[in-house]
Amino acid sequence: MDVVITHINADFDCLGAMVAAARLYPGALLTMPGSQEKGVRDFAAQHPEFLPLLTKAKEIHLDKITRLIIVDCQHVARIDRFGEIIGRPDLEVHIYDHHPITAESIRPTGGIIRPCGAVSSIMAGILKDQGIALTPEEATVVMLGIYEDTGRLLFPPTTRDDYLAAAWLLDQGARLNVVADFVSQGLTTQQVILLNTLLKNLKTTAINNVNVSITYASCESYIADIAGLAHLMRDMENLDALFLVVAMGKRVYLVGRSRISEVNVGEIMRNFNGGGHASAASASVHDLTLRQVLRRLEELLRMAVTARVAAKDVMSSPVKTVPIGITIAEARDLLTRYNCNAMPVMQNENMVGIISRKIVEKAIYHDLGGSAVSDFMHTDFLRAQPDSQLTQIQAYMVEGNRRFVPVFEGEYLVGAVTRTDLLRHMYGGHRGQPESLYDMGALTTTPKSHSIEGLINKRLPSEAIRLLRELGDTGDALGLSVYAVGGFVRDLLLGMENLDMDVTVEGDGIFFAESFARTHGCRVRSHPAFSTAVIVRPDGSKVDVASTRLEYYESPGVLPTVERSSLRHDLYRRDFTINTLAFCINKDRFGLLTDYFGGQQDIQERIVRVLHNLSFVEDPTRVFRAVRFEQRLGFHIAPHTENLIRNAVRMNVLDKVGGTRLLNELILILREREPVRAVFRMAELGLLPSIHPALKQVGEAERVIHETTQVLAWFRLLYLKDHCEQWQVYFLALCDRLKQEEFVGICKRLSVPGRVVSRVFGLRNRALGVLEAMQRRLKHGPPIRNSEVYYCFQGLPLELLLYLAARTRHEEIRRFVSLYITHLRQVRCTLDGIALQQMGIKPGPELGYVMKHLLTARLDGTITTTEEERSMAMSLIRQST
């Protein structure tokens with residue numbers, strides 16, 4: 001049974017989303033777990049014809065619910081009695097929400113969670129994409145949800161999707177006159193009285209040098225739309241951060257609005273079981289008094305409001321520099337290599353100037369590439385200290401039109417702040433991260449960070465958490481920042497099991513690994529050339545450790561050059577945004593998630609997105625990884641990223657990649673649990689012909705590839721001890737239509753190891769010959785005996801046998817393969833060579849002749865006992881004499 005619900009005290013956005021969900025889940029029951037806001041109740045009383053059929057929550061049997069669809073909510077505490085079944089193993093939970101995911105969020109099995117002004121907009125967008133029409137009444141209710149939650153499309157969290165959804169709803173016949181009646185721009189008499197009280201009680205207090213405004217009131221009856229009053233007050237008084245606390249009846253309602261990054265009202269409201277965004281949020285409390293709520297709010301604000309940011313909070317370290325003795329042309333190469341817009345110029349240990357990309361490009365335009373950097377560098381610059389306030393740096397940049405500020409401790413250069421860092425902090429918020437992306441001016445994605453400690457404790461086993469904390473303790477002892485990174489973090493957020501830990505260290509990763517190993521009785525395998533190490537624990541498990549580093553490519557397709565750098569550079573060198581997430585494991589910041597490139601949002605939206613436009617040119621093997629992640633995770637490659645893949649194919653960039661690297665990527669794909677979709681996705685993108693032209697017609701092998709999946713599934717169900725290399729079976733199926741010389745050519749192109757060729761691929765021609773002979777025999781000859789099956793298949797590896805079973809269209813041949821794998825190849829005579837020699841047979845051809853005849857008889861069932869073997873052997877001996 002499907003049931004659609006929302007949170008208690010439902011508003012129009014809840015109602016609109018539920019109406020849309022009813023069309024997405026035909027036959028589902030719709031119910032309100034708790035009360036509704038007054039506006040919703042008034043609308044229901046005046047326009048019952050607009051409402052969907054609602055079932056009373058108490059009439060729904062919880063044990064009969066198989067799929068729970070939750071809209072505009074992610075928290076157990078806000079769905080009343082339905083929270084009792086969350087976590088039930090057989091329950092599907094689909095969530096559609098526009099609020100941020102937190103550690104306390106319900107773990108969904110489906111749905112969509114992404115930023116938007118209203119969840120009704122998300123739902124409308126889904127209906128539009130799926131071609132599902134609405135009635136004018138339904139469209140009106142969904143439009144009400146959008147207009148209410150976006151403040152008539154004027155609130156700051158409103159997105160382009162909200163406008164597109166509203167436009168589509170108009171096309172569906174939404175009645176704006178009805179919407180206007182219930183999303184009124186005017187204030188009622190009660191609201192005017194309440195506004196006067198709130199203005200009278202308004203007080204602004206500096207917390208950590210941040211101005212926070214709080215006001216409160218108490219009303220005997222419910223007054224609607226206090227969120228609108230919050231917006232009005234914020235704009236009237238020009239407030240940075242405002243909290244309204246209003247007691248109405250038996251509840252206390254909170255509304256928060258913020259214009260500044262230091263105050264995240266969404267985080268504050270989640271402590272009251274509410275929700276929302278960093279800039280707009282609300283909550284409803286029923287078990288505390290107005291005074292208690294105000295006291296609790298003040299406590300939370302004093303803990304949560306971040307201090308004014310200093311240079312040390314946003315600077316990057318170490319800073320890439322250029323020596324004073326180089327030319328302008330050489331400086332251009334270094335700026336391009338390290339993706340910087342400006343770099344400090346050093347004379348020994350002293351910084352003497354700044355060279356910018358703009359100056360370098362102009363100098364080269366004037367044919368001055370051979371001039372010294374010292375001729376054109378800026379020598380007048382602000383010497384910031386780690387504790388210098390960002391406001392001071394901001395004034396310097398704006399007034400002096402500068403984009404780069406070095407940070408010094410004494411005379412030593414320790415970091416840098418750029419104009420991009422300043423803009424990112426002003427418009428994206430910053431939670432005390434140690435550094436910024438100072439040298440990636442073209443990148444505008446806002447870094448985000450918040451704690452996922454609750455999620456770590458919920459989803460990881462205790463042993464894994466203990467290991468993370470031990471690694472963090474080692475970092476603390478050495479004064480190094482340590483982070484868990486990459487796929488381990490991605491899969492943690494997705495709720496997928498992955499205990500393959502990768503950690504990166506801002507400092508010497510090998511030294512860190514050796515220090516940890518000494519303390520915990522582990523071994524270390526280090527690779528100094530790459531600043532990496534592997535910690536091998538006593539139980540055999542491993543932890544990969546690396547120093548934070550950057551990569552640059554001397555030419556397309558070659559392996560990168562690696563240099564030590566900062567965490568931001570280390571994450572930027574990775575393939576896709578979903579793999580750029582990291583969380584700190586040092587004790588004082590344990591679980592603090594760093595997301596510089598929007599990876600968490602792409603995970604929520606289930607998108608594989610590349611970091612920059614030259615990514616596939618620099619490392620063409622990433623095109624295969626894009627497909628692998630897309631299919632394994634059930635994501636989709638972002639349109640721009642797909643265009644870049646197709647461009648890379650047209651540019652023939654894969655031609656420059658060595659065969660071994662290509663084969664490794666192909667093996668990883670063919671080892672996936674369900675690789676078939678990935679194979680045809682590669683074909684669709686033109687990747688297979690880039691490996692070898694003969695694979696252009698892979699569609700002709702489609703039947704064999706699909707059959708391979710069925711054959712391998714059958715083999716796994718046998719639970720045999722034999723090991724089968726799945727990738728080799730799929731590779732044979734992929735190459736099914738290739739002639740032998742083409743197959744040999746593709747093996748050479750991919751540098752297939754000699755051991756694989758000799759054991760499996762080298763026998764392909766013989767195996768196909770066996771298959772052809774069997775097919776002729778079945779068509780024209782007498783029945784095939786078991787012994788013939790045995791001698792045909794003898795010597796063929798398991799991978800080739802499974803390929804033959806997938807390739808043939810004859811069920812009888814598949815039965816022969818099954819019989820051989822499960823029975824015939826294990827058949828043995830009880831009389832071995834020694835026993836036969838004791839009976840008088842001399843070693844040599846005669847012994848082999850007798851043994852083969854005995855085995856043949858055993859296979860065909862003409863003899864079944866040891867005595868029958870002896871009798872037959874004696875008969876054969878007499879015949880030979």
# chains A, B, ... in the order shown; residues from 1 in each chain; ligands from 1
$ residues_around --residues "Tyr730 (chain A)" --least-positions-apart "6" --cutoff "9 Å" --atoms "only C-alpha atoms" --output "list in words"
Leu670, Arg671, Pro675, Val676, Ile705, Thr708, Thr709 and Tyr803 of chain A
$ write_last_selection --atoms "C-alpha atoms" --output "PDB file, in the first residue's frame"
ATOM      1  CA  LEU A 670      33.099  -5.238 -16.878  1.00  0.00           C
ATOM      2  CA  ARG A 671      33.580  -6.251 -13.233  1.00  0.00           C
ATOM      3  CA  PRO A 675      27.836  -3.999 -16.613  1.00  0.00           C
ATOM      4  CA  VAL A 676      25.525  -4.429 -19.609  1.00  0.00           C
ATOM      5  CA  ILE A 705      26.050  -9.681 -24.130  1.00  0.00           C
ATOM      6  CA  THR A 708      26.156 -13.490 -20.768  1.00  0.00           C
ATOM      7  CA  THR A 709      24.371 -11.835 -17.852  1.00  0.00           C
ATOM      8  CA  TYR A 803      30.989 -17.472 -23.273  1.00  0.00           C
TER       9      TYR A 803
END
$ residues_around --residues "Val305 (chain A)" --least-positions-apart "5" --cutoff "8 Å" --atoms "only C-alpha atoms" --output "MDAnalysis selection string"
chainID A and resid 207:208 210 262:264
$ write_last_selection --atoms "C-alpha atoms" --output "compact mmCIF listing (two decimals), in the first residue's frame"
# COMPACT_ATOMS: atom_id res chain seq x y z
CA ILE A 207 27.18 37.84 19.11
CA ASN A 208 30.78 37.22 18.07
CA VAL A 210 27.67 39.61 14.36
CA GLU A 262 27.60 33.76 9.85
CA VAL A 263 23.98 32.96 10.79
CA ASN A 264 22.51 29.78 9.29
$ residues_around --residues "Glu463 (chain A)" --least-positions-apart "6" --cutoff "12 Å" --atoms "only C-alpha atoms" --output "list in words"
Ile456, Asn457, Arg469, Glu470, Leu499 and Ser541 of chain A
$ write_last_selection --atoms "C-alpha atoms" --output "PDB file, in the first residue's frame"
ATOM      1  CA  ILE A 456      29.018   8.827  10.402  1.00  0.00           C
ATOM      2  CA  ASN A 457      27.873   7.383  13.718  1.00  0.00           C
ATOM      3  CA  ARG A 469      39.285   8.631  15.244  1.00  0.00           C
ATOM      4  CA  GLU A 470      42.657   6.907  15.732  1.00  0.00           C
ATOM      5  CA  LEU A 499      34.877   0.597   3.935  1.00  0.00           C
ATOM      6  CA  SER A 541      42.874  -4.410   6.043  1.00  0.00           C
TER       7      SER A 541
END
$ select_by_dssp --residues "region 452-494 of chain A" --states "strand (DSSP E)" --output "list in words"
Ser481, Val482, Tyr483, Ala484 and Val485 of chain A
$ closest_residue --among "A:Thr31, A:Thr205, A:Asn498, A:Leu819" --to "Phe82 (chain A)" --atoms "only C-alpha atoms"
A:Thr31
$ residues_around --residues "Gln601 (chain A)" --least-positions-apart "4" --cutoff "10 Å" --atoms "only C-alpha atoms" --output "list in words"
Pro100, Ile101, Ile113, Arg114, Pro115, Thr577, Ile578, Asp595, Phe597, Glu605, Arg606 and Ile607 of chain A
$ residues_around --residues "Arg858 (chain A)" --least-positions-apart "4" --cutoff "8 Å" --atoms "only C-alpha atoms" --output "ChimeraX atom specification"
/A:827-829,854,862-864
$ write_last_selection --atoms "C-alpha atoms" --output "tab-separated table (two decimals), in the first residue's frame"
chain	number	residue	atom	x	y	z
A	827	VAL	CA	34.49	-37.54	-13.33
A	828	ARG	CA	37.49	-39.74	-12.44
A	829	CYS	CA	38.28	-43.46	-12.63
A	854	LEU	CA	38.11	-46.47	-18.86
A	862	THR	CA	28.74	-48.08	-19.39
A	863	ILE	CA	30.75	-48.84	-16.25
A	864	THR	CA	29.98	-47.53	-12.78
$ select_by_dssp --residues "region 248-363 of chain A" --states "alpha helix (DSSP H)" --output "mmCIF file with N, CA and C atoms, in the first residue's frame"
data_model
loop_
_atom_site.group_PDB
_atom_site.id
_atom_site.type_symbol
_atom_site.label_atom_id
_atom_site.label_comp_id
_atom_site.auth_asym_id
_atom_site.auth_seq_id
_atom_site.Cartn_x
_atom_site.Cartn_y
_atom_site.Cartn_z
ATOM 1 N N VAL A 265 20.117 30.066 9.631
ATOM 2 C CA VAL A 265 18.875 29.878 10.383
ATOM 3 C C VAL A 265 18.330 28.463 10.225
ATOM 4 N N GLY A 266 18.650 27.794 9.117
ATOM 5 C CA GLY A 266 18.197 26.414 8.943
ATOM 6 C C GLY A 266 18.774 25.507 10.012
ATOM 7 N N GLU A 267 20.064 25.663 10.317
ATOM 8 C CA GLU A 267 20.682 24.849 11.365
ATOM 9 C C GLU A 267 20.066 25.141 12.730
ATOM 10 N N ILE A 268 19.797 26.411 12.983
ATOM 11 C CA ILE A 268 19.185 26.777 14.272
ATOM 12 C C ILE A 268 17.813 26.112 14.407
ATOM 13 N N MET A 269 16.993 26.177 13.374
ATOM 14 C CA MET A 269 15.625 25.655 13.449
ATOM 15 C C MET A 269 15.590 24.139 13.559
ATOM 16 N N ARG A 270 16.599 23.468 13.035
ATOM 17 C CA ARG A 270 16.608 22.006 13.153
ATOM 18 C C ARG A 270 16.745 21.559 14.605
ATOM 19 N N LEU A 290 7.133 30.137 25.965
ATOM 20 C CA LEU A 290 7.785 31.202 25.202
ATOM 21 C C LEU A 290 9.130 31.552 25.825
ATOM 22 N N ARG A 291 9.179 31.672 27.145
ATOM 23 C CA ARG A 291 10.435 32.011 27.819
ATOM 24 C C ARG A 291 11.485 30.925 27.610
ATOM 25 N N GLN A 292 11.059 29.676 27.704
ATOM 26 C CA GLN A 292 12.019 28.571 27.505
ATOM 27 C C GLN A 292 12.562 28.550 26.079
ATOM 28 N N VAL A 293 11.694 28.813 25.108
ATOM 29 C CA VAL A 293 12.151 28.836 23.712
ATOM 30 C C VAL A 293 13.150 29.969 23.503
ATOM 31 N N LEU A 294 12.865 31.154 24.065
ATOM 32 C CA LEU A 294 13.785 32.281 23.924
ATOM 33 C C LEU A 294 15.136 31.975 24.559
ATOM 34 N N ARG A 295 15.101 31.334 25.748
ATOM 35 C CA ARG A 295 16.356 30.993 26.414
ATOM 36 C C ARG A 295 17.155 29.980 25.587
ATOM 37 N N ARG A 296 16.454 28.971 25.055
ATOM 38 C CA ARG A 296 17.128 27.960 24.234
ATOM 39 C C ARG A 296 17.672 28.569 22.944
ATOM 40 N N LEU A 297 16.935 29.493 22.346
ATOM 41 C CA LEU A 297 17.386 30.150 21.126
ATOM 42 C C LEU A 297 18.670 30.932 21.371
ATOM 43 N N GLU A 298 18.722 31.633 22.486
ATOM 44 C CA GLU A 298 19.937 32.396 22.795
ATOM 45 C C GLU A 298 21.134 31.466 22.984
ATOM 46 N N GLU A 299 20.931 30.349 23.668
ATOM 47 C CA GLU A 299 22.031 29.388 23.849
ATOM 48 C C GLU A 299 22.546 28.882 22.508
ATOM 49 N N LEU A 300 21.619 28.547 21.629
ATOM 50 C CA LEU A 300 22.021 28.028 20.323
ATOM 51 C C LEU A 300 22.766 29.080 19.506
ATOM 52 N N LEU A 301 22.293 30.312 19.566
ATOM 53 C CA LEU A 301 22.942 31.371 18.795
ATOM 54 C C LEU A 301 24.359 31.623 19.279
ATOM 55 N N ARG A 302 24.558 31.581 20.576
ATOM 56 C CA ARG A 302 25.913 31.835 21.091
ATOM 57 C C ARG A 302 26.875 30.731 20.701
ATOM 58 N N MET A 303 26.347 29.527 20.466
ATOM 59 C CA MET A 303 27.212 28.432 20.013
ATOM 60 C C MET A 303 27.371 28.404 18.498
ATOM 61 N N ALA A 304 26.318 28.820 17.788
ATOM 62 C CA ALA A 304 26.297 28.588 16.347
ATOM 63 C C ALA A 304 26.787 29.762 15.520
ATOM 64 N N ALA A 311 41.899 36.449 7.890
ATOM 65 C CA ALA A 311 42.613 35.938 6.720
ATOM 66 C C ALA A 311 42.958 34.465 6.880
ATOM 67 N N LYS A 312 43.339 34.048 8.078
ATOM 68 C CA LYS A 312 43.734 32.662 8.298
ATOM 69 C C LYS A 312 42.585 31.685 8.075
ATOM 70 N N ASP A 313 41.344 32.192 8.148
ATOM 71 C CA ASP A 313 40.190 31.314 7.978
ATOM 72 C C ASP A 313 39.907 30.988 6.520
ATOM 73 N N VAL A 314 40.425 31.795 5.598
ATOM 74 C CA VAL A 314 40.115 31.562 4.187
ATOM 75 C C VAL A 314 41.348 31.394 3.307
ATOM 76 N N ILE A 328 58.811 36.576 -18.631
ATOM 77 C CA ILE A 328 57.360 36.702 -18.715
ATOM 78 C C ILE A 328 56.750 35.449 -19.342
ATOM 79 N N ALA A 329 57.368 34.929 -20.398
ATOM 80 C CA ALA A 329 56.842 33.719 -21.059
ATOM 81 C C ALA A 329 56.862 32.530 -20.113
ATOM 82 N N GLU A 330 57.923 32.403 -19.327
ATOM 83 C CA GLU A 330 57.995 31.305 -18.360
ATOM 84 C C GLU A 330 56.948 31.480 -17.263
ATOM 85 N N ALA A 331 56.691 32.722 -16.880
ATOM 86 C CA ALA A 331 55.654 32.986 -15.876
ATOM 87 C C ALA A 331 54.281 32.586 -16.401
ATOM 88 N N ARG A 332 54.025 32.852 -17.693
ATOM 89 C CA ARG A 332 52.741 32.440 -18.280
ATOM 90 C C ARG A 332 52.564 30.929 -18.180
ATOM 91 N N ASP A 333 53.615 30.172 -18.465
ATOM 92 C CA ASP A 333 53.530 28.714 -18.384
ATOM 93 C C ASP A 333 53.195 28.266 -16.966
ATOM 94 N N LEU A 334 53.815 28.900 -15.964
ATOM 95 C CA LEU A 334 53.563 28.512 -14.573
ATOM 96 C C LEU A 334 52.141 28.898 -14.142
ATOM 97 N N LEU A 335 51.664 30.069 -14.560
ATOM 98 C CA LEU A 335 50.297 30.473 -14.226
ATOM 99 C C LEU A 335 49.279 29.511 -14.830
ATOM 100 N N THR A 336 49.555 29.057 -16.054
ATOM 101 C CA THR A 336 48.655 28.111 -16.712
ATOM 102 C C THR A 336 48.730 26.742 -16.063
ATOM 103 N N ARG A 337 49.963 26.289 -15.759
ATOM 104 C CA ARG A 337 50.150 24.959 -15.165
ATOM 105 C C ARG A 337 49.395 24.837 -13.856
ATOM 106 N N ARG A 357 48.177 37.262 -14.296
ATOM 107 C CA ARG A 357 47.940 36.752 -15.655
ATOM 108 C C ARG A 357 47.640 37.917 -16.607
ATOM 109 N N LYS A 358 46.893 38.896 -16.134
ATOM 110 C CA LYS A 358 46.528 40.025 -16.980
ATOM 111 C C LYS A 358 47.766 40.764 -17.466
ATOM 112 N N ILE A 359 48.715 41.020 -16.574
ATOM 113 C CA ILE A 359 49.951 41.718 -16.954
ATOM 114 C C ILE A 359 50.767 40.863 -17.911
ATOM 115 N N VAL A 360 50.863 39.566 -17.608
ATOM 116 C CA VAL A 360 51.641 38.656 -18.457
ATOM 117 C C VAL A 360 51.075 38.630 -19.875
ATOM 118 N N GLU A 361 49.753 38.518 -20.004
ATOM 119 C CA GLU A 361 49.147 38.440 -21.334
ATOM 120 C C GLU A 361 49.366 39.725 -22.121
ATOM 121 N N LYS A 362 49.276 40.876 -21.441
ATOM 122 C CA LYS A 362 49.513 42.135 -22.142
ATOM 123 C C LYS A 362 50.969 42.254 -22.570
ATOM 124 N N ALA A 363 51.880 41.831 -21.698
ATOM 125 C CA ALA A 363 53.303 41.904 -22.043
ATOM 126 C C ALA A 363 53.608 41.031 -23.257
#
$ closest_residue --among "A:Val417, A:Ala806, A:Leu29, A:Leu571" --to "Val729 (chain A)" --atoms "only C-alpha atoms"
A:Ala806
$ closest_residue --among "A:Met351, A:Thr594, A:Leu368, A:Ser374" --to "Glu411 (chain A)" --atoms "only C-alpha atoms"
A:Met351
$ decode --residues "region 678-744 of chain A" --atoms "C-alpha atoms" --output "CSV table (one decimal), in the first residue's frame"
chain,number,residue,atom,x,y,z
A,678,ALA,CA,27.5,0.5,-19.2
A,679,VAL,CA,28.6,-1.4,-22.3
A,680,PHE,CA,25.8,0.1,-24.4
A,681,ARG,CA,26.2,3.5,-22.8
A,682,MET,CA,29.9,3.4,-24.0
A,683,ALA,CA,28.7,2.4,-27.4
A,684,GLU,CA,26.2,5.3,-27.5
A,685,LEU,CA,28.9,7.8,-26.6
A,686,GLY,CA,31.3,6.4,-29.2
A,687,LEU,CA,33.8,5.1,-26.7
A,688,LEU,CA,34.2,1.6,-28.0
A,689,PRO,CA,35.3,2.5,-31.5
A,690,SER,CA,37.8,4.8,-29.8
A,691,ILE,CA,39.3,1.7,-28.2
A,692,HIS,CA,39.4,-0.2,-31.5
A,693,PRO,CA,37.5,0.5,-34.8
A,694,ALA,CA,36.3,-3.1,-35.0
A,695,LEU,CA,34.0,-2.5,-32.0
A,696,LYS,CA,31.9,-0.1,-34.0
A,697,GLN,CA,29.3,-2.7,-34.6
A,698,VAL,CA,28.9,-3.8,-31.0
A,699,GLY,CA,25.1,-3.7,-31.4
A,700,GLU,CA,25.4,-6.9,-33.4
A,701,ALA,CA,26.7,-8.6,-30.2
A,702,GLU,CA,23.8,-7.3,-28.1
A,703,ARG,CA,22.1,-10.7,-27.8
A,704,VAL,CA,25.3,-12.4,-26.6
A,705,ILE,CA,26.1,-9.7,-24.1
A,706,HIS,CA,22.6,-10.0,-22.6
A,707,GLU,CA,22.8,-13.8,-22.6
A,708,THR,CA,26.2,-13.5,-20.8
A,709,THR,CA,24.4,-11.8,-17.9
A,710,GLN,CA,22.0,-14.8,-17.6
A,711,VAL,CA,24.7,-17.4,-17.9
A,712,LEU,CA,26.8,-15.7,-15.2
A,713,ALA,CA,23.8,-15.4,-12.9
A,714,TRP,CA,23.2,-19.2,-13.4
A,715,PHE,CA,26.9,-19.9,-12.7
A,716,ARG,CA,26.8,-17.9,-9.4
A,717,LEU,CA,23.8,-19.9,-8.2
A,718,LEU,CA,25.9,-23.1,-8.5
A,719,TYR,CA,28.0,-21.9,-5.6
A,720,LEU,CA,31.1,-23.7,-7.0
A,721,LYS,CA,34.5,-23.1,-5.6
A,722,ASP,CA,35.8,-22.3,-9.1
A,723,HIS,CA,36.9,-18.7,-9.6
A,724,CYS,CA,35.6,-17.1,-12.8
A,725,GLU,CA,36.9,-13.7,-14.1
A,726,GLN,CA,33.6,-12.1,-15.1
A,727,TRP,CA,35.3,-9.3,-17.1
A,728,GLN,CA,36.9,-11.9,-19.4
A,729,VAL,CA,33.5,-13.5,-20.2
A,730,TYR,CA,32.0,-10.1,-21.0
A,731,PHE,CA,35.0,-9.1,-23.0
A,732,LEU,CA,34.6,-12.2,-25.1
A,733,ALA,CA,30.9,-11.4,-25.6
A,734,LEU,CA,31.7,-7.8,-26.5
A,735,CYS,CA,34.1,-9.0,-29.2
A,736,ASP,CA,31.7,-11.7,-30.4
A,737,ARG,CA,31.3,-10.4,-33.9
A,738,LEU,CA,35.0,-9.8,-34.4
A,739,LYS,CA,37.1,-12.0,-36.8
A,740,GLN,CA,40.1,-13.7,-35.2
A,741,GLU,CA,42.6,-11.2,-36.6
A,742,GLU,CA,40.5,-8.4,-35.3
A,743,PHE,CA,40.3,-10.0,-31.9
A,744,VAL,CA,44.0,-10.4,-31.8
